[in-house]
$ cat final_21.txt   # compact mmCIF, C-alpha atoms and all ligand atoms
# COMPACT_ATOMS: atom_id res chain seq x y z
CA MET A 1 102.91 112.34 86.77
CA THR A 2 100.09 114.38 85.34
CA GLN A 3 96.82 112.65 84.69
CA ASN A 4 94.69 113.98 81.96
CA ALA A 5 91.62 115.48 83.67
CA THR A 6 89.26 114.57 80.84
CA THR A 7 85.78 113.35 81.60
CA LEU A 8 85.38 109.61 81.66
CA PRO A 9 83.91 107.66 78.74
CA PHE A 10 80.49 106.09 79.35
CA ALA A 11 79.19 104.42 76.19
CA PRO A 12 78.39 100.90 74.97
CA ASP A 13 81.41 100.97 72.66
CA ALA A 14 83.77 102.38 75.30
CA PRO A 15 84.55 99.33 77.46
CA TRP A 16 86.51 99.72 80.69
CA LEU A 17 89.11 97.46 82.25
CA ALA A 18 87.77 96.53 85.70
CA PRO A 19 89.85 96.82 88.86
CA LEU A 20 91.63 93.46 89.21
CA ALA A 21 93.82 93.01 92.28
CA GLY A 22 97.03 91.31 91.21
CA TYR A 23 96.45 92.02 87.52
CA SER A 24 95.33 95.52 86.47
CA ASP A 25 98.81 96.96 86.91
CA LEU A 26 100.41 99.52 84.61
CA PRO A 27 101.69 97.05 81.96
CA PHE A 28 98.36 95.18 81.75
CA ARG A 29 96.38 98.43 81.62
CA THR A 30 98.66 99.64 78.83
CA LEU A 31 98.08 96.38 76.95
CA CYS A 32 94.30 96.60 77.33
CA ARG A 33 94.30 100.21 76.16
CA ALA A 34 96.28 99.15 73.08
CA TYR A 35 93.45 96.69 72.40
CA GLY A 36 90.66 99.22 72.82
CA ALA A 37 89.96 99.70 76.55
CA ALA A 38 88.53 103.22 76.81
CA CYS A 39 89.26 103.61 80.53
CA SER A 40 91.01 101.60 83.22
CA GLU A 41 90.88 101.24 86.96
CA THR A 42 93.90 100.52 89.12
CA GLU A 43 94.04 97.49 91.35
CA MET A 44 92.36 98.28 94.66
CA VAL A 45 94.59 100.50 96.78
CA SER A 46 94.33 100.55 100.57
CA ALA A 47 93.39 104.04 101.77
CA LYS A 48 95.24 103.23 104.99
CA GLY A 49 98.31 101.99 103.12
CA LEU A 50 98.35 105.24 101.21
CA VAL A 51 98.26 107.34 104.37
CA PHE A 52 100.76 105.24 106.31
CA GLY A 53 103.07 104.41 103.40
CA GLY A 54 102.04 100.75 103.12
CA PHE A 55 104.14 98.21 101.27
CA GLY A 56 103.41 98.12 97.56
CA THR A 57 101.24 101.25 97.37
CA GLU A 58 103.72 103.04 95.11
CA ARG A 59 103.68 100.21 92.58
CA LEU A 60 99.88 100.18 92.58
CA LEU A 61 99.83 103.90 91.77
CA ALA A 62 102.51 103.76 89.06
CA THR A 63 101.19 105.36 85.88
CA THR A 64 102.22 107.27 82.76
CA GLY A 65 100.68 110.11 80.77
CA ALA A 66 99.40 107.56 78.25
CA ASP A 67 97.65 105.57 80.99
CA ALA A 68 94.60 107.81 80.87
CA PRO A 69 91.80 108.17 81.65
CA LEU A 70 92.57 106.34 84.87
CA VAL A 71 90.41 105.73 87.92
CA VAL A 72 92.13 104.98 91.22
CA GLN A 73 90.20 102.40 93.19
CA LEU A 74 90.33 102.68 96.97
CA PHE A 75 89.29 100.32 99.72
CA GLY A 76 88.99 100.88 103.42
CA ALA A 77 86.20 101.51 105.92
CA GLU A 78 87.25 104.61 107.85
CA PRO A 79 86.02 108.00 106.59
CA GLU A 80 88.76 109.80 108.53
CA ILE A 81 91.42 107.84 106.63
CA TYR A 82 89.87 108.95 103.33
CA GLU A 83 90.06 112.55 104.63
CA ARG A 84 93.81 112.08 104.63
CA ALA A 85 94.18 109.81 101.60
CA MET A 86 92.28 111.96 99.10
CA PRO A 87 94.54 115.05 99.31
CA ILE A 88 97.59 112.83 98.77
CA LEU A 89 96.10 111.44 95.54
CA LEU A 90 94.85 114.81 94.30
CA GLU A 91 98.25 116.34 94.99
CA ARG A 92 99.79 113.63 92.80
CA GLY A 93 97.50 114.56 89.91
CA PHE A 94 94.90 111.79 90.08
CA THR A 95 91.44 113.07 89.22
CA HIS A 96 88.94 110.18 89.34
CA PHE A 97 88.30 107.67 92.12
CA ASP A 98 86.23 104.58 92.73
CA LEU A 99 85.17 103.20 96.09
CA ASN A 100 85.41 99.44 96.36
CA ALA A 101 82.13 98.20 97.87
CA GLY A 102 82.18 95.01 95.83
CA CYS A 103 85.19 92.92 96.78
CA SER A 104 84.20 89.84 98.82
CA VAL A 105 87.62 88.48 99.66
CA ARG A 106 87.61 87.49 103.34
CA LYS A 107 90.73 89.48 104.21
CA VAL A 108 89.13 92.66 102.81
CA ASN A 109 85.68 92.05 104.32
CA LYS A 110 87.13 91.29 107.76
CA SER A 111 88.25 94.90 108.10
CA GLY A 112 84.74 96.08 107.13
CA SER A 113 85.97 97.08 103.64
CA GLY A 114 84.88 96.05 100.14
CA SER A 115 81.45 94.44 99.92
CA ALA A 116 81.14 94.50 103.74
CA LEU A 117 80.30 98.21 103.23
CA MET A 118 77.03 97.11 101.59
CA SER A 119 75.86 96.03 105.07
CA ARG A 120 76.67 99.47 106.52
CA PRO A 121 75.12 101.90 104.01
CA ASP A 122 75.47 104.93 106.29
CA LEU A 123 79.19 104.35 106.64
CA LEU A 124 79.53 103.77 102.90
CA LYS A 125 77.76 107.07 102.24
CA ARG A 126 79.96 108.92 104.75
CA ILE A 127 83.04 107.70 102.88
CA VAL A 128 81.60 108.79 99.53
CA GLU A 129 80.77 112.18 101.04
CA VAL A 130 84.41 112.61 102.05
CA MET A 131 85.65 111.52 98.64
CA VAL A 132 83.26 113.80 96.74
CA ARG A 133 84.05 116.77 98.97
CA ALA A 134 87.75 116.30 98.15
CA ALA A 135 87.56 115.41 94.43
CA GLY A 136 84.40 117.23 93.37
CA PRO A 137 81.02 116.01 92.14
CA GLY A 138 81.14 113.58 89.26
CA LYS A 139 84.70 112.45 90.01
CA VAL A 140 83.85 109.55 92.29
CA GLY A 141 82.25 106.23 91.42
CA VAL A 142 81.16 103.33 93.61
CA LYS A 143 81.50 99.68 92.68
CA MET A 144 78.71 97.77 94.40
CA ARG A 145 77.16 94.36 94.72
CA LEU A 146 73.41 93.72 95.11
CA GLY A 147 73.74 93.78 98.87
CA PHE A 148 75.58 91.84 101.51
CA THR A 149 73.14 89.00 102.22
CA PRO A 150 70.67 87.40 99.80
CA GLY A 151 67.19 88.74 100.56
CA GLU A 152 68.58 92.01 101.94
CA GLU A 153 69.50 93.63 98.66
CA ASN A 154 69.93 97.37 99.05
CA PHE A 155 71.61 98.41 95.79
CA LEU A 156 68.65 100.49 94.57
CA ASP A 157 68.31 102.51 97.80
CA LEU A 158 72.04 102.91 97.99
CA GLY A 159 72.25 103.92 94.35
CA ARG A 160 69.73 106.72 94.88
CA GLY A 161 71.55 107.90 98.01
CA LEU A 162 74.96 107.88 96.33
CA GLU A 163 73.71 109.81 93.34
CA ASP A 164 72.31 112.45 95.72
CA LEU A 165 75.75 112.71 97.33
CA GLY A 166 77.41 113.55 94.00
CA ALA A 167 78.69 110.16 92.86
CA GLY A 168 79.44 110.42 89.13
CA TRP A 169 78.73 106.81 88.16
CA LEU A 170 77.90 103.43 89.67
CA THR A 171 79.18 99.99 88.76
CA LEU A 172 77.12 96.96 89.70
CA HIS A 173 78.36 93.37 89.96
CA PRO A 174 74.92 91.83 90.43
CA ARG A 175 75.60 89.14 93.00
CA THR A 176 75.36 89.49 96.77
CA ALA A 177 78.59 89.61 98.77
CA LYS A 178 77.78 86.22 100.31
CA GLN A 179 77.52 84.70 96.85
CA LEU A 180 81.17 85.50 96.07
CA PHE A 181 81.39 84.34 92.42
CA THR A 182 78.84 81.51 92.62
CA GLY A 183 75.61 81.33 90.61
CA LYS A 184 74.98 83.69 87.72
CA ALA A 185 75.31 87.46 87.68
CA ARG A 186 71.73 88.85 87.71
CA TRP A 187 72.01 91.27 84.80
CA ALA A 188 68.32 92.28 85.18
CA ALA A 189 69.36 94.10 88.38
CA ILE A 190 71.74 96.25 86.32
CA GLY A 191 68.77 97.33 84.22
CA GLU A 192 66.79 98.13 87.37
CA LEU A 193 69.60 100.32 88.69
CA ALA A 194 70.06 102.05 85.33
CA ARG A 195 66.34 102.92 85.32
CA THR A 196 66.47 104.13 88.95
CA VAL A 197 69.39 106.57 88.86
CA THR A 198 70.35 109.26 86.36
CA VAL A 199 74.13 108.79 86.60
CA PRO A 200 75.76 106.28 84.23
CA VAL A 201 75.65 102.66 85.36
CA LEU A 202 78.44 100.29 84.33
CA ALA A 203 77.85 96.55 84.20
CA SER A 204 80.26 94.00 85.66
CA GLY A 205 79.73 90.30 86.09
CA ASP A 206 80.02 87.26 83.80
CA LEU A 207 81.13 89.36 80.83
CA PHE A 208 83.45 86.66 79.56
CA THR A 209 83.20 87.49 75.87
CA ALA A 210 82.43 90.57 73.81
CA GLU A 211 79.16 88.88 72.83
CA ASP A 212 78.20 88.57 76.52
CA ALA A 213 78.84 92.30 76.94
CA ALA A 214 76.79 93.23 73.87
CA GLN A 215 73.91 91.09 75.15
CA CYS A 216 74.13 92.64 78.63
CA LEU A 217 74.15 96.16 77.14
CA ARG A 218 71.10 95.40 75.02
CA GLU A 219 69.18 93.67 77.83
CA THR A 220 69.86 96.27 80.52
CA GLY A 221 70.22 99.59 78.71
CA CYS A 222 73.19 100.38 80.98
CA ALA A 223 75.74 103.01 79.97
CA GLY A 224 78.72 100.73 79.50
CA VAL A 225 80.59 97.63 80.66
CA MET A 226 83.72 96.64 82.53
CA PHE A 227 85.67 93.55 81.49
CA ALA A 228 87.37 91.61 84.30
CA ARG A 229 88.02 87.86 83.98
CA GLY A 230 87.21 88.07 80.26
CA ALA A 231 90.16 90.41 79.72
CA LEU A 232 92.55 88.06 81.54
CA THR A 233 92.17 85.37 78.89
CA ASP A 234 91.59 87.70 75.98
CA PRO A 235 92.82 91.31 76.08
CA MET A 236 91.42 91.75 72.56
CA ILE A 237 87.92 91.56 74.06
CA PHE A 238 87.75 95.38 74.10
CA GLN A 239 88.25 95.75 70.35
CA ARG A 240 85.86 92.89 69.73
CA LEU A 241 83.05 94.71 71.57
CA ARG A 242 83.79 97.90 69.65
CA ASP A 243 83.56 95.90 66.40
CA ILE A 244 80.29 94.20 67.36
CA TRP A 245 78.74 97.52 68.38
CA ALA A 246 79.78 99.09 65.07
CA GLY A 247 78.26 96.17 63.12
CA ARG A 248 81.67 94.80 62.11
CA GLU A 249 82.62 91.11 62.33
CA PRO A 250 85.03 90.83 65.27
CA ALA A 251 88.35 89.07 64.65
CA PRO A 252 88.36 85.57 66.22
CA ARG A 253 90.46 84.60 69.26
CA THR A 254 93.19 82.53 67.60
CA ALA A 255 96.53 81.14 68.70
CA ALA A 256 98.28 83.71 66.51
CA THR A 257 96.48 86.74 67.96
CA LEU A 258 96.98 85.43 71.50
CA ALA A 259 100.70 84.96 70.93
CA GLU A 260 100.83 88.54 69.70
CA ALA A 261 98.99 89.74 72.82
CA ALA A 262 101.40 87.79 75.06
CA LEU A 263 104.42 89.30 73.29
CA THR A 264 102.96 92.79 73.54
CA HIS A 265 102.32 92.24 77.25
CA ILE A 266 105.95 91.19 77.71
CA ARG A 267 107.11 94.28 75.80
CA PHE A 268 105.04 96.67 77.95
CA CYS A 269 106.24 94.95 81.10
CA ARG A 270 109.87 95.32 80.01
CA GLU A 271 109.27 98.99 79.28
CA LEU A 272 107.24 99.86 82.36
CA ASP A 273 108.17 97.47 85.17
CA ARG A 274 111.34 95.40 84.74
CA THR A 275 111.51 94.26 88.36
CA PRO A 276 112.08 90.57 89.24
CA ARG A 277 108.65 90.65 90.94
CA ALA A 278 107.02 91.74 87.66
CA PHE A 279 108.96 89.10 85.73
CA ARG A 280 107.76 86.31 88.04
CA ALA A 281 104.17 87.59 88.01
CA LEU A 282 104.10 87.75 84.22
CA ARG A 283 105.60 84.26 83.89
CA SER A 284 102.62 82.83 85.76
CA PHE A 285 100.12 85.15 84.06
CA LEU A 286 100.99 84.24 80.45
CA PRO A 287 99.42 80.73 80.36
CA ARG A 288 96.01 82.46 80.72
CA TYR A 289 96.37 83.57 77.12
CA ALA A 290 96.53 79.93 76.08
CA LYS A 291 93.35 78.99 77.95
CA GLY A 292 91.19 76.84 75.71
CA PHE A 293 94.18 75.50 73.75
CA THR A 294 95.90 72.12 74.03
CA GLY A 295 99.41 72.02 75.48
CA ILE A 296 98.80 74.68 78.12
CA ARG A 297 100.44 72.56 80.86
CA ALA A 298 103.66 72.14 78.86
CA LEU A 299 103.61 75.85 78.08
CA ARG A 300 103.20 76.70 81.79
CA ASN A 301 106.17 74.50 82.68
CA ALA A 302 108.31 75.96 79.91
CA LEU A 303 107.47 79.51 81.00
CA LEU A 304 108.35 78.70 84.61
CA GLN A 305 111.83 77.59 83.44
CA CYS A 306 112.48 80.97 81.79
CA ARG A 307 115.19 82.97 83.49
CA ASP A 308 115.23 86.18 81.43
CA TRP A 309 112.96 88.36 79.31
CA ASP A 310 114.28 87.10 75.95
CA GLU A 311 113.65 83.48 76.92
CA LEU A 312 110.19 84.46 78.11
CA ALA A 313 109.39 86.11 74.79
CA ALA A 314 110.70 83.14 72.78
CA THR A 315 108.58 80.72 74.83
CA ALA A 316 105.47 82.91 74.69
CA ALA A 317 105.81 83.08 70.89
CA SER A 318 105.12 79.32 70.82
CA ILE A 319 101.49 80.04 71.78
CA ALA A 320 100.99 80.73 68.06
CA HIS A 321 101.38 76.99 67.32
CA LEU A 322 98.87 75.65 69.87
CA GLU A 323 95.67 73.93 68.76
CA ALA A 324 92.28 75.19 69.94
CA GLU A 325 90.19 72.83 72.06
CA ASP A 326 86.55 72.30 71.23
CA ALA A 327 85.15 73.12 74.68
CA PRO A 328 83.96 76.64 75.54
CA LEU A 329 86.24 78.67 77.84
CA ASP A 330 85.66 78.23 81.58
CA HIS A 331 86.50 81.31 83.66
CA SER A 332 85.45 79.98 87.07
CA ASP A 333 89.02 79.25 88.19
CA LEU A 334 90.01 82.89 87.60
CA ALA A 335 87.95 84.12 90.56
CA GLN A 336 90.67 83.28 93.10
CA LEU A 337 92.60 86.29 94.32
C1 LIG A 401 91.37 88.18 90.23
C2 LIG A 401 90.32 89.22 90.52
C3 LIG A 401 90.66 90.41 91.15
C4 LIG A 401 89.68 91.37 91.42
N1 LIG A 401 90.03 92.54 92.04
C5 LIG A 401 89.10 93.50 92.26
C6 LIG A 401 89.44 94.75 92.85
O1 LIG A 401 90.62 95.03 93.16
N2 LIG A 401 88.43 95.65 93.06
C7 LIG A 401 87.12 95.39 92.71
O2 LIG A 401 86.25 96.24 92.91
N3 LIG A 401 86.78 94.22 92.13
C8 LIG A 401 87.74 93.29 91.90
N4 LIG A 401 87.39 92.13 91.27
C9 LIG A 401 86.02 91.97 90.73
C10 LIG A 401 85.99 92.36 89.25
O3 LIG A 401 86.33 93.73 89.05
C11 LIG A 401 84.59 92.12 88.64
O4 LIG A 401 83.64 92.95 89.23
C12 LIG A 401 84.18 90.65 88.80
O5 LIG A 401 85.23 89.78 88.46
C13 LIG A 401 82.95 90.32 87.96
O6 LIG A 401 83.23 90.44 86.60
P1 LIG A 401 83.53 89.13 85.65
O7 LIG A 401 82.54 88.08 86.07
O8 LIG A 401 83.30 89.65 84.25
O9 LIG A 401 84.91 88.70 85.93
C14 LIG A 401 88.34 91.14 91.04
C15 LIG A 401 88.01 89.95 90.40
C16 LIG A 401 88.97 89.00 90.13
C17 LIG A 401 88.58 87.73 89.41
$ encode --input "final_21.txt" --output "structure tokens"
Amino acid sequence: MTQNATTLPFAPDAPWLAPLAGYSDLPFRTLCRAYGAACSETEMVSAKGLVFGGFGTERLLATTGADAPLVVQLFGAEPEIYERAMPILLERGFTHFDLNAGCSVRKVNKSGSGSALMSRPDLLKRIVEVMVRAAGPGKVGVKMRLGFTPGEENFLDLGRGLEDLGAGWLTLHPRTAKQLFTGKARWAAIGELARTVTVPVLASGDLFTAEDAAQCLRETGCAGVMFARGALTDPMIFQRLRDIWAGREPAPRTAATLAEAALTHIRFCRELDRTPRAFRALRSFLPRYAKGFTGIRALRNALLQCRDWDELAATAASIAHLEAEDAPLDHSDLAQL
């Protein structure tokens, strides 16, 4: 595998696919790129798993030449493990890395990783130092929250410190770790960070539609956005933002375009990961494309009955005939890992 060592795109009309554990695998990244994602992150990869050959690490790092530019996201809380993990990744041709200091899942936080790092800024900085020393300045980003606990928000101080250490960009999901996904993302904090540091700042948080992203970009002046839950129900969200930013009318999210996205996802999965695990995962993923349409329960049941790829494709094609509901899309149930 050779990754293209190009610089990463930071621009309002160059949306990224966010790291999404359980979802941003090679087939989904390939799908999102086909629909206009300018850059993608892997699912979070355990630095320890990488060093000790953990189960599943190989699948998480699967990529192709076309899957570029790609950022490998790492989690873990031990600088000495990163000392060993980074050379392994560089040797394999990966060029850009992101440190996960934003994930608030209990299992991840319990080991001191993810957003728990926000409560130990010196440790977080030591890890970034190790990563930058290995990969070079500008090649490492950090995905942060506002802080660990409400009232003890340290993202601005941390941002300044990380920029001084050679971090190339910062992503902010403007909630505290304790908040998980509750309340509203505080986009104003993204603007504060963008005005405080000179490196590009990417926005993440409650960007459920391309219109949300355009509004966040305009309100905050940040360099670019990452789509997460919004991409899970609508992979065409990337092209839509590009259209809005160029002053074009974006194509609507219709049953026909969603059926096409589902079929393309199946095709990429068949090409890139034909394992039974991937088949089962995709079967439960596909109903997300029908979110906001009537008949989603029947569709889910029909998909679960599918035993092979052709059946799956035939069933997914039926999304084209579903009727849109009136209610706006609710993404709150997509925050469960
Ligand atoms: C299912 C799921 C998996 C996620 N996995 C990761 C991850 O591996 N690494 C990470 O930094 N953030 C992860 N996140 C957080 C997202 O990247 C993003 O920051 C967050 O969902 C806020 O954006 P949104 O409100 O637009 O979805 C995950 C979120 C969800 C919902």
$ residues_around --input "final_21.txt" --residues "region 38-50 of chain A" --least-positions-apart "6" --cutoff "6 Å" --atoms "all atoms listed in the file" --output "PyMOL selection string"
chain A and resi 14-21+24+69-76+85
$ atom_distance --input "final_21.txt" --atom1 "CA of Arg133 (chain A)" --atom2 "CA of Glu78 (chain A)"
15.4 Å
$ atom_distance --input "final_21.txt" --atom1 "CA of Ile127 (chain A)" --atom2 "CA of Leu99 (chain A)"
8.4 Å
$ residues_near_ligand --input "final_21.txt" --ligand "ligand LIG 401 (chain A)" --cutoff "8 Å" --atoms "all atoms listed in the file" --output "ChimeraX atom specification"
/A:18-23,42-45,73,99-103,114,143-144,172-173,181,185,204-208,226-230,331,334-337
$ atom_distance --input "final_21.txt" --atom1 "CA of Leu90 (chain A)" --atom2 "CA of Ala134 (chain A)"
8.2 Å
$ closest_residue --input "final_21.txt" --among "A:Thr149, A:Asn154, A:Thr254, A:Thr198" --to "Trp169 (chain A)" --atoms "only C-alpha atoms"
A:Thr198
